[in-house]
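Q: First, the structure itself, so that you have it in front of you.
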Amino acid sequence: MADESQSLVEFRNVSLQYGNVWALKQVSFRLNAGETRIIFGAAGSGKTTLLKAVIGLVDVDEGEIRLFGENVTERKEQDLFGLRGRAGFLFQEGGLFDSLTIGENVEYPLANRQLGVEPQSSKLGDSPETDFEARVRQVLRFVELEQTYSQFPSEVSGGMRRRVGIARATVTEPPLVLYDSPTAGLDPITANLIMALLAKERETHNTASLIVTHRYQDGELMANFRFNLEKGELDPISENDGEFAGRTKFMVMKEGEVVFVGSREELEASDDAYVKRFVRHEEHHAG
Ligand SMILES: Nc1ncnc2c1ncn2[C@@H]1O[C@H](COP(=O)(O)OP(=O)(O)OP(=O)(O)O)[C@@H](O)[C@H]1O
Ligand SMILES: [Mg+2]
């Protein structure tokens with residue numbers, strides 16, 4: 001089963017309860033290498049819980065989760081550390097450490113990975129920070145924020161903090177990044193800039209991602225455009241564009257359940273009143 005080995009994330013009938021609330025109900029899906037999955041759903045529908053479950057930050061009550069082919073649900077906390085380090089995570093609330101500089105924030109996953117992989121290593125004495133600085137500066141340059149290296153998160157704007165979060169989530173070049181609401185609370189121009197960065201990251205490293213968002217145009221951008229690395233801008237994807245077409249799918253959550261999975265065309269054709277809420281409908285009047 002070549003297909004199976006390709007799956008980066010697999011949920012099999014996953015359910016999770018907080019008190020009386022089912023935050024996830026019988027959730028099943030797969031995400032393969034290089035794929036993008038846009039996740040829509042009302043507030044409280046389980047989107048953040050789903051992302052946290054992928055890397056074992058919450059314990060599920062039923063079902064099975066596989067991450068990079070390994071069973072997350074059976075693992076003990078200490079064994080999850082290394083597995084978790086192979087995925088990037090942009091937290092909904094940002095999750096930057098206020099007391100660390102932006103450079104130190106972005107460096108954190110690199111240092112963490114080193115600790116996780118070689119806990120007893122004598123290399124740790126060799127001042128690894130100097131090795132990390134070049135990489136941290138490179139990834140900050142990617143999000144056009146190298147100049148903020150020594151600043152603190154409180155000294156930059158909300159949109160810049162989100163870009164720092166993206167730099168931190170991708171600094172280890174993970175094959176999978178989980179983005180929780182990357183554009184929430186940002187003006188449309190900054191939001192589009194952030195989404196272009198996500199596409200650029202995808203096209204640079206063939207990164208797979210789960211992207212939670214409330215903005216339909218975020219999904220449209222990932223489904224319909226690719227970042228042209230030579231030109232440094234977004235190009236529309238044509239339907240015959242084998243390498244890129246069909247790589248982005250949509251998922252809609254409602255009260256912990258996945259009520260829709262499909263392509264952008266299928267999403268737009270849905271008759272379900274709840275699903276339709278997440279689709280931006282064209283204005284039909286002339287002019
Ligand atoms: N730590 C927790 N303790 C108790 N209930 C929780 C906890 N975290 C989430 N919930 C509940 O689980 C459900 C799903 O929450 P979740 O945060 O996954 O929603 P969401 O889709 O991410 O919402 P939003 O769009 O507002 O971010 C909600 O009913 C929420 O109140
Ligand atoms: Mg959430």
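Just remember, in the structure tokens the first chain shown is A, the second B, etc., residues are 1-based per chain, and ligands are 1-based in the order shown.
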Ligand 2: which residues are within 12 Å, counting only C-alpha atoms and all ligand atoms, as a ChimeraX atom specification?
A: /A:23,39-52,90-94,179-182,184,211-214,253,256
Q: Could you turn the residues from that selection into a file that holds C-alpha atoms, as a tab-separated table (two decimals), in the first residue's frame?
A:
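Saved as selection.tsv:
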chain	number	residue	atom	x	y	z
A	23	ALA	CA	-15.07	18.47	20.61
A	39	ILE	CA	-10.41	23.61	7.57
A	40	PHE	CA	-13.55	25.71	8.00
A	41	GLY	CA	-16.11	25.58	10.80
A	42	ALA	CA	-18.03	27.75	13.27
A	43	ALA	CA	-16.43	28.92	16.51
A	44	GLY	CA	-16.20	25.96	18.89
A	45	SER	CA	-16.63	23.36	16.12
A	46	GLY	CA	-13.38	21.57	17.06
A	47	LYS	CA	-10.81	22.99	14.63
A	48	THR	CA	-8.13	23.82	17.19
A	49	THR	CA	-8.78	20.57	19.04
A	50	LEU	CA	-8.24	18.68	15.80
A	51	LEU	CA	-4.87	20.36	15.17
A	52	LYS	CA	-3.75	19.77	18.75
A	90	LEU	CA	1.37	28.08	14.38
A	91	PHE	CA	-0.81	28.55	17.45
A	92	GLN	CA	-4.08	30.45	17.25
A	93	GLU	CA	-2.99	32.79	20.02
A	94	GLY	CA	0.45	33.27	18.50
A	179	TYR	CA	-1.54	26.65	10.90
A	180	ASP	CA	-4.28	27.67	13.33
A	181	SER	CA	-6.01	30.79	11.99
A	182	PRO	CA	-2.95	32.42	10.36
A	184	ALA	CA	-7.40	36.00	11.97
A	211	ILE	CA	-4.84	25.40	7.65
A	212	VAL	CA	-7.67	26.55	9.89
A	213	THR	CA	-9.26	29.77	8.70
A	214	HIS	CA	-12.49	31.73	8.64
A	253	MET	CA	-16.41	20.97	10.79
A	256	GLY	CA	-16.92	18.19	16.32
Q: Using only C-alpha atoms, tabulate the residues of range 29-51 of chain A lying at most 7 Å from any atom of range 238-248 of chain A, each with its closest atom pair and that distance in Å to one decimal, by chain and increasing residue number, as a Markdown table.
A:
| residue | atom | partner | partner_atom | distance |
| --- | --- | --- | --- | --- |
| A:Glu35 | CA | A:Arg247 | CA | 5.1 |
| A:Thr36 | CA | A:Thr248 | CA | 4.5 |
| A:Arg37 | CA | A:Thr248 | CA | 5.7 |
Q: If we count only C-alpha atoms, what is near Leu80 in chain A at a cut-off of 12 Å, once residues fewer than 3 positions away on the same chain are taken out, given as a list of chain:residue names?
A: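 Residues meeting the cut-off are A:Ala53, A:Val54, A:Ile55, A:Gly56, A:Leu57, A:Val58, A:Asp59, A:Arg66, A:Leu67, A:Phe68, A:Glu70, A:Asn71, A:Val72, A:Thr73, A:Glu74, A:Arg75, A:Lys76, A:Glu77, A:Leu83, A:Arg84, A:Gly85, A:Arg86, A:Ala87, A:Gly116, A:Val117.
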Q: Distance CA of Asp272 in chain A-CA of Ile38 in chain A, one decimal place?
A: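 CA of Ile38 in chain A lies 17.8 Å from CA of Asp272 in chain A.
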Q: From the options A:Lys276, A:Thr190, A:Glu257, A:Thr207, which residue's atoms come nearest to ligand 1, counting only C-alpha atoms and all ligand atoms?
A: A:Glu257
Q: Please identify all polymer residues within 10 Å of range 105-112 of chain A, counting only C-alpha atoms, omitting same-chain residues fewer than 4 positions from it, and present them as a ChimeraX atom specification.
A: /A:81-82,85-88,95-101,116-119,124,128-129,132-133,135-137,139-140,149,152-153,164-172
Q: For ligand 1, which residue among A:Arg226, A:Arg162, A:Lys200, A:Lys25 is the nearest when counting only C-alpha atoms and all ligand atoms?
A: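 The answer is A:Lys25, which sits nearest to ligand 1.
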Q: Between CA of Ile102 in chain A and CA of Pro175 in chain A, what is the spacing in Å?
A: 23.1 Å
Q: Going by DSSP on the backbone, which bits of range 25-70 of chain A are strand (DSSP E)? Write them as a ChimeraX atom specification, please.
A: /A:25-32,36-41,62-67,70
Q: Got time to write the residues from that selection, N, CA, C and O atoms, as a PDB file, in the first residue's frame?
A:
ATOM      1  N   LYS A  25     -15.923  14.283  16.937  1.00  0.00           N
ATOM      2  CA  LYS A  25     -16.868  13.162  16.861  1.00  0.00           C
ATOM      3  C   LYS A  25     -16.567  12.322  15.630  1.00  0.00           C
ATOM      4  O   LYS A  25     -16.790  12.761  14.507  1.00  0.00           O
ATOM      5  N   GLN A  26     -16.024  11.125  15.836  1.00  0.00           N
ATOM      6  CA  GLN A  26     -15.830  10.167  14.729  1.00  0.00           C
ATOM      7  C   GLN A  26     -15.133  10.815  13.529  1.00  0.00           C
ATOM      8  O   GLN A  26     -15.575  10.667  12.391  1.00  0.00           O
ATOM      9  N   VAL A  27     -14.046  11.521  13.810  1.00  0.00           N
ATOM     10  CA  VAL A  27     -13.335  12.219  12.733  1.00  0.00           C
ATOM     11  C   VAL A  27     -12.366  11.274  12.027  1.00  0.00           C
ATOM     12  O   VAL A  27     -11.539  10.638  12.679  1.00  0.00           O
ATOM     13  N   SER A  28     -12.506  11.167  10.721  1.00  0.00           N
ATOM     14  CA  SER A  28     -11.590  10.368   9.905  1.00  0.00           C
ATOM     15  C   SER A  28     -11.136  11.189   8.713  1.00  0.00           C
ATOM     16  O   SER A  28     -11.955  11.804   8.036  1.00  0.00           O
ATOM     17  N   PHE A  29      -9.836  11.214   8.469  1.00  0.00           N
ATOM     18  CA  PHE A  29      -9.318  11.833   7.249  1.00  0.00           C
ATOM     19  C   PHE A  29      -7.844  11.464   7.114  1.00  0.00           C
ATOM     20  O   PHE A  29      -7.235  10.963   8.058  1.00  0.00           O
ATOM     21  N   ARG A  30      -7.312  11.708   5.939  1.00  0.00           N
ATOM     22  CA  ARG A  30      -5.876  11.508   5.695  1.00  0.00           C
ATOM     23  C   ARG A  30      -5.315  12.717   5.006  1.00  0.00           C
ATOM     24  O   ARG A  30      -5.991  13.371   4.218  1.00  0.00           O
ATOM     25  N   LEU A  31      -4.062  12.981   5.298  1.00  0.00           N
ATOM     26  CA  LEU A  31      -3.337  14.040   4.599  1.00  0.00           C
ATOM     27  C   LEU A  31      -2.021  13.452   4.108  1.00  0.00           C
ATOM     28  O   LEU A  31      -1.257  12.898   4.896  1.00  0.00           O
ATOM     29  N   ASN A  32      -1.787  13.580   2.797  1.00  0.00           N
ATOM     30  CA  ASN A  32      -0.562  13.022   2.220  1.00  0.00           C
ATOM     31  C   ASN A  32       0.484  14.103   2.001  1.00  0.00           C
ATOM     32  O   ASN A  32       0.182  15.298   2.066  1.00  0.00           O
ATOM     33  N   THR A  36      -2.487  20.248   0.785  1.00  0.00           N
ATOM     34  CA  THR A  36      -2.986  21.335   1.615  1.00  0.00           C
ATOM     35  C   THR A  36      -4.435  21.041   1.968  1.00  0.00           C
ATOM     36  O   THR A  36      -5.222  20.673   1.087  1.00  0.00           O
ATOM     37  N   ARG A  37      -4.785  21.183   3.233  1.00  0.00           N
ATOM     38  CA  ARG A  37      -6.172  20.966   3.654  1.00  0.00           C
ATOM     39  C   ARG A  37      -6.642  22.214   4.390  1.00  0.00           C
ATOM     40  O   ARG A  37      -6.057  22.603   5.400  1.00  0.00           O
ATOM     41  N   ILE A  38      -7.675  22.856   3.831  1.00  0.00           N
ATOM     42  CA  ILE A  38      -8.262  24.040   4.460  1.00  0.00           C
ATOM     43  C   ILE A  38      -9.390  23.580   5.374  1.00  0.00           C
ATOM     44  O   ILE A  38     -10.254  22.807   4.949  1.00  0.00           O
ATOM     45  N   ILE A  39      -9.385  24.036   6.616  1.00  0.00           N
ATOM     46  CA  ILE A  39     -10.415  23.607   7.572  1.00  0.00           C
ATOM     47  C   ILE A  39     -11.280  24.800   7.963  1.00  0.00           C
ATOM     48  O   ILE A  39     -10.793  25.778   8.538  1.00  0.00           O
ATOM     49  N   PHE A  40     -12.565  24.703   7.623  1.00  0.00           N
ATOM     50  CA  PHE A  40     -13.555  25.712   8.002  1.00  0.00           C
ATOM     51  C   PHE A  40     -14.442  25.153   9.105  1.00  0.00           C
ATOM     52  O   PHE A  40     -14.530  23.934   9.294  1.00  0.00           O
ATOM     53  N   GLY A  41     -15.153  26.019   9.784  1.00  0.00           N
ATOM     54  CA  GLY A  41     -16.113  25.584  10.805  1.00  0.00           C
ATOM     55  C   GLY A  41     -16.412  26.724  11.753  1.00  0.00           C
ATOM     56  O   GLY A  41     -15.571  27.604  11.965  1.00  0.00           O
ATOM     57  N   GLU A  62     -11.494   8.121  21.811  1.00  0.00           N
ATOM     58  CA  GLU A  62     -11.737   6.974  20.928  1.00  0.00           C
ATOM     59  C   GLU A  62     -10.984   7.189  19.629  1.00  0.00           C
ATOM     60  O   GLU A  62     -10.751   8.326  19.226  1.00  0.00           O
ATOM     61  N   GLY A  63     -10.667   6.072  18.979  1.00  0.00           N
ATOM     62  CA  GLY A  63     -10.078   6.145  17.650  1.00  0.00           C
ATOM     63  C   GLY A  63      -8.561   6.178  17.687  1.00  0.00           C
ATOM     64  O   GLY A  63      -7.942   6.016  18.742  1.00  0.00           O
ATOM     65  N   GLU A  64      -8.002   6.374  16.502  1.00  0.00           N
ATOM     66  CA  GLU A  64      -6.551   6.284  16.353  1.00  0.00           C
ATOM     67  C   GLU A  64      -6.040   7.416  15.475  1.00  0.00           C
ATOM     68  O   GLU A  64      -6.664   7.763  14.471  1.00  0.00           O
ATOM     69  N   ILE A  65      -4.906   7.984  15.881  1.00  0.00           N
ATOM     70  CA  ILE A  65      -4.264   9.032  15.088  1.00  0.00           C
ATOM     71  C   ILE A  65      -2.860   8.579  14.742  1.00  0.00           C
ATOM     72  O   ILE A  65      -2.108   8.136  15.607  1.00  0.00           O
ATOM     73  N   ARG A  66      -2.531   8.673  13.448  1.00  0.00           N
ATOM     74  CA  ARG A  66      -1.161   8.380  13.017  1.00  0.00           C
ATOM     75  C   ARG A  66      -0.536   9.646  12.474  1.00  0.00           C
ATOM     76  O   ARG A  66      -1.147  10.374  11.698  1.00  0.00           O
ATOM     77  N   LEU A  67       0.685   9.884  12.923  1.00  0.00           N
ATOM     78  CA  LEU A  67       1.454  11.032  12.456  1.00  0.00           C
ATOM     79  C   LEU A  67       2.768  10.483  11.915  1.00  0.00           C
ATOM     80  O   LEU A  67       3.467   9.758  12.639  1.00  0.00           O
ATOM     81  N   GLU A  70       3.279   6.904  12.583  1.00  0.00           N
ATOM     82  CA  GLU A  70       3.405   6.412  13.967  1.00  0.00           C
ATOM     83  C   GLU A  70       2.132   6.699  14.744  1.00  0.00           C
ATOM     84  O   GLU A  70       1.509   7.747  14.564  1.00  0.00           O
TER      85      GLU A  70
END
Q: Using only C-alpha atoms, can you tell me which of A:Gln17, A:Asn228, A:Ser7, A:Lys249 comes closest to Glu266 in chain A?
A: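 Under the stated criterion, the closest residue is A:Lys249.
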Q: List every residue of range 162-232 of chain A that DSSP, applied to the backbone, labels as helix (DSSP H, G or I), and write the result as an mmCIF file with N, CA and C atoms, in the first residue's frame.
A:
data_model
loop_
_atom_site.group_PDB
_atom_site.id
_atom_site.type_symbol
_atom_site.label_atom_id
_atom_site.label_comp_id
_atom_site.auth_asym_id
_atom_site.auth_seq_id
_atom_site.Cartn_x
_atom_site.Cartn_y
_atom_site.Cartn_z
ATOM 1 N N ARG A 162 2.614 37.464 13.573
ATOM 2 C CA ARG A 162 2.106 36.286 12.870
ATOM 3 C C ARG A 162 3.176 35.748 11.925
ATOM 4 N N ARG A 163 3.906 36.670 11.274
ATOM 5 C CA ARG A 163 4.980 36.228 10.375
ATOM 6 C C ARG A 163 6.119 35.583 11.158
ATOM 7 N N VAL A 164 6.399 36.112 12.346
ATOM 8 C CA VAL A 164 7.408 35.476 13.219
ATOM 9 C C VAL A 164 6.944 34.057 13.560
ATOM 10 N N GLY A 165 5.645 33.932 13.851
ATOM 11 C CA GLY A 165 5.077 32.615 14.168
ATOM 12 C C GLY A 165 5.259 31.643 13.013
ATOM 13 N N ILE A 166 5.078 32.142 11.781
ATOM 14 C CA ILE A 166 5.275 31.297 10.594
ATOM 15 C C ILE A 166 6.745 30.903 10.473
ATOM 16 N N ALA A 167 7.629 31.869 10.734
ATOM 17 C CA ALA A 167 9.068 31.558 10.693
ATOM 18 C C ALA A 167 9.398 30.478 11.714
ATOM 19 N N ARG A 168 8.834 30.616 12.918
ATOM 20 C CA ARG A 168 9.122 29.630 13.959
ATOM 21 C C ARG A 168 8.547 28.252 13.594
ATOM 22 N N ALA A 169 7.347 28.255 12.982
ATOM 23 C CA ALA A 169 6.703 26.982 12.628
ATOM 24 C C ALA A 169 7.448 26.243 11.515
ATOM 25 N N THR A 170 8.216 26.986 10.711
ATOM 26 C CA THR A 170 8.828 26.372 9.528
ATOM 27 C C THR A 170 10.356 26.316 9.600
ATOM 28 N N PRO A 188 -7.021 42.893 5.367
ATOM 29 C CA PRO A 188 -6.979 42.031 4.172
ATOM 30 C C PRO A 188 -5.621 42.012 3.478
ATOM 31 N N ILE A 189 -4.918 43.139 3.464
ATOM 32 C CA ILE A 189 -3.631 43.179 2.758
ATOM 33 C C ILE A 189 -2.607 42.318 3.485
ATOM 34 N N THR A 190 -2.552 42.470 4.815
ATOM 35 C CA THR A 190 -1.620 41.657 5.604
ATOM 36 C C THR A 190 -2.010 40.182 5.530
ATOM 37 N N ALA A 191 -3.325 39.919 5.565
ATOM 38 C CA ALA A 191 -3.798 38.533 5.489
ATOM 39 C C ALA A 191 -3.352 37.891 4.180
ATOM 40 N N ASN A 192 -3.477 38.632 3.072
ATOM 41 C CA ASN A 192 -3.066 38.084 1.771
ATOM 42 C C ASN A 192 -1.556 37.851 1.718
ATOM 43 N N LEU A 193 -0.815 38.745 2.353
ATOM 44 C CA LEU A 193 0.628 38.588 2.423
ATOM 45 C C LEU A 193 1.008 37.303 3.176
ATOM 46 N N ILE A 194 0.307 37.074 4.272
ATOM 47 C CA ILE A 194 0.551 35.864 5.079
ATOM 48 C C ILE A 194 0.260 34.616 4.242
ATOM 49 N N MET A 195 -0.871 34.632 3.518
ATOM 50 C CA MET A 195 -1.230 33.454 2.720
ATOM 51 C C MET A 195 -0.230 33.238 1.589
ATOM 52 N N ALA A 196 0.273 34.336 1.005
ATOM 53 C CA ALA A 196 1.307 34.194 -0.038
ATOM 54 C C ALA A 196 2.554 33.535 0.565
ATOM 55 N N LEU A 197 2.865 33.864 1.827
ATOM 56 C CA LEU A 197 4.013 33.231 2.503
ATOM 57 C C LEU A 197 3.780 31.731 2.695
ATOM 58 N N LEU A 198 2.537 31.368 3.033
ATOM 59 C CA LEU A 198 2.218 29.946 3.205
ATOM 60 C C LEU A 198 2.395 29.197 1.876
ATOM 61 N N ALA A 199 1.945 29.836 0.781
ATOM 62 C CA ALA A 199 2.106 29.220 -0.544
ATOM 63 C C ALA A 199 3.592 29.144 -0.907
ATOM 64 N N LYS A 200 4.336 30.199 -0.588
ATOM 65 C CA LYS A 200 5.779 30.206 -0.880
ATOM 66 C C LYS A 200 6.480 29.085 -0.114
ATOM 67 N N GLU A 201 6.114 28.921 1.146
ATOM 68 C CA GLU A 201 6.684 27.833 1.955
ATOM 69 C C GLU A 201 6.336 26.474 1.326
ATOM 70 N N ARG A 202 5.066 26.323 0.932
ATOM 71 C CA ARG A 202 4.630 25.068 0.316
ATOM 72 C C ARG A 202 5.431 24.770 -0.953
ATOM 73 N N GLU A 203 5.567 25.773 -1.820
ATOM 74 C CA GLU A 203 6.246 25.557 -3.098
ATOM 75 C C GLU A 203 7.762 25.394 -2.915
ATOM 76 N N THR A 204 8.322 25.976 -1.853
ATOM 77 C CA THR A 204 9.766 25.861 -1.624
ATOM 78 C C THR A 204 10.139 24.484 -1.086
ATOM 79 N N HIS A 205 9.340 23.962 -0.161
ATOM 80 C CA HIS A 205 9.721 22.716 0.519
ATOM 81 C C HIS A 205 8.716 21.576 0.328
ATOM 82 N N TYR A 216 -12.763 32.589 3.368
ATOM 83 C CA TYR A 216 -12.867 31.747 2.190
ATOM 84 C C TYR A 216 -11.722 32.018 1.218
ATOM 85 N N GLN A 217 -11.363 33.296 1.096
ATOM 86 C CA GLN A 217 -10.319 33.639 0.114
ATOM 87 C C GLN A 217 -8.962 33.026 0.461
ATOM 88 N N ASP A 218 -8.739 32.681 1.736
ATOM 89 C CA ASP A 218 -7.487 31.988 2.091
ATOM 90 C C ASP A 218 -7.444 30.623 1.415
ATOM 91 N N GLY A 219 -8.579 29.927 1.453
ATOM 92 C CA GLY A 219 -8.657 28.615 0.816
ATOM 93 C C GLY A 219 -8.561 28.729 -0.690
ATOM 94 N N GLU A 220 -9.236 29.716 -1.227
ATOM 95 C CA GLU A 220 -9.193 29.967 -2.676
ATOM 96 C C GLU A 220 -7.763 30.200 -3.136
ATOM 97 N N LEU A 221 -7.044 31.001 -2.361
ATOM 98 C CA LEU A 221 -5.670 31.313 -2.749
ATOM 99 C C LEU A 221 -4.823 30.037 -2.783
ATOM 100 N N MET A 222 -4.936 29.209 -1.757
ATOM 101 C CA MET A 222 -4.115 27.994 -1.715
ATOM 102 C C MET A 222 -4.534 27.002 -2.803
ATOM 103 N N ALA A 223 -5.843 26.979 -3.138
ATOM 104 C CA ALA A 223 -6.341 26.027 -4.139
ATOM 105 C C ALA A 223 -6.056 26.487 -5.565
ATOM 106 N N ASN A 224 -6.131 27.782 -5.793
ATOM 107 C CA ASN A 224 -6.100 28.300 -7.168
ATOM 108 C C ASN A 224 -4.758 28.893 -7.594
#
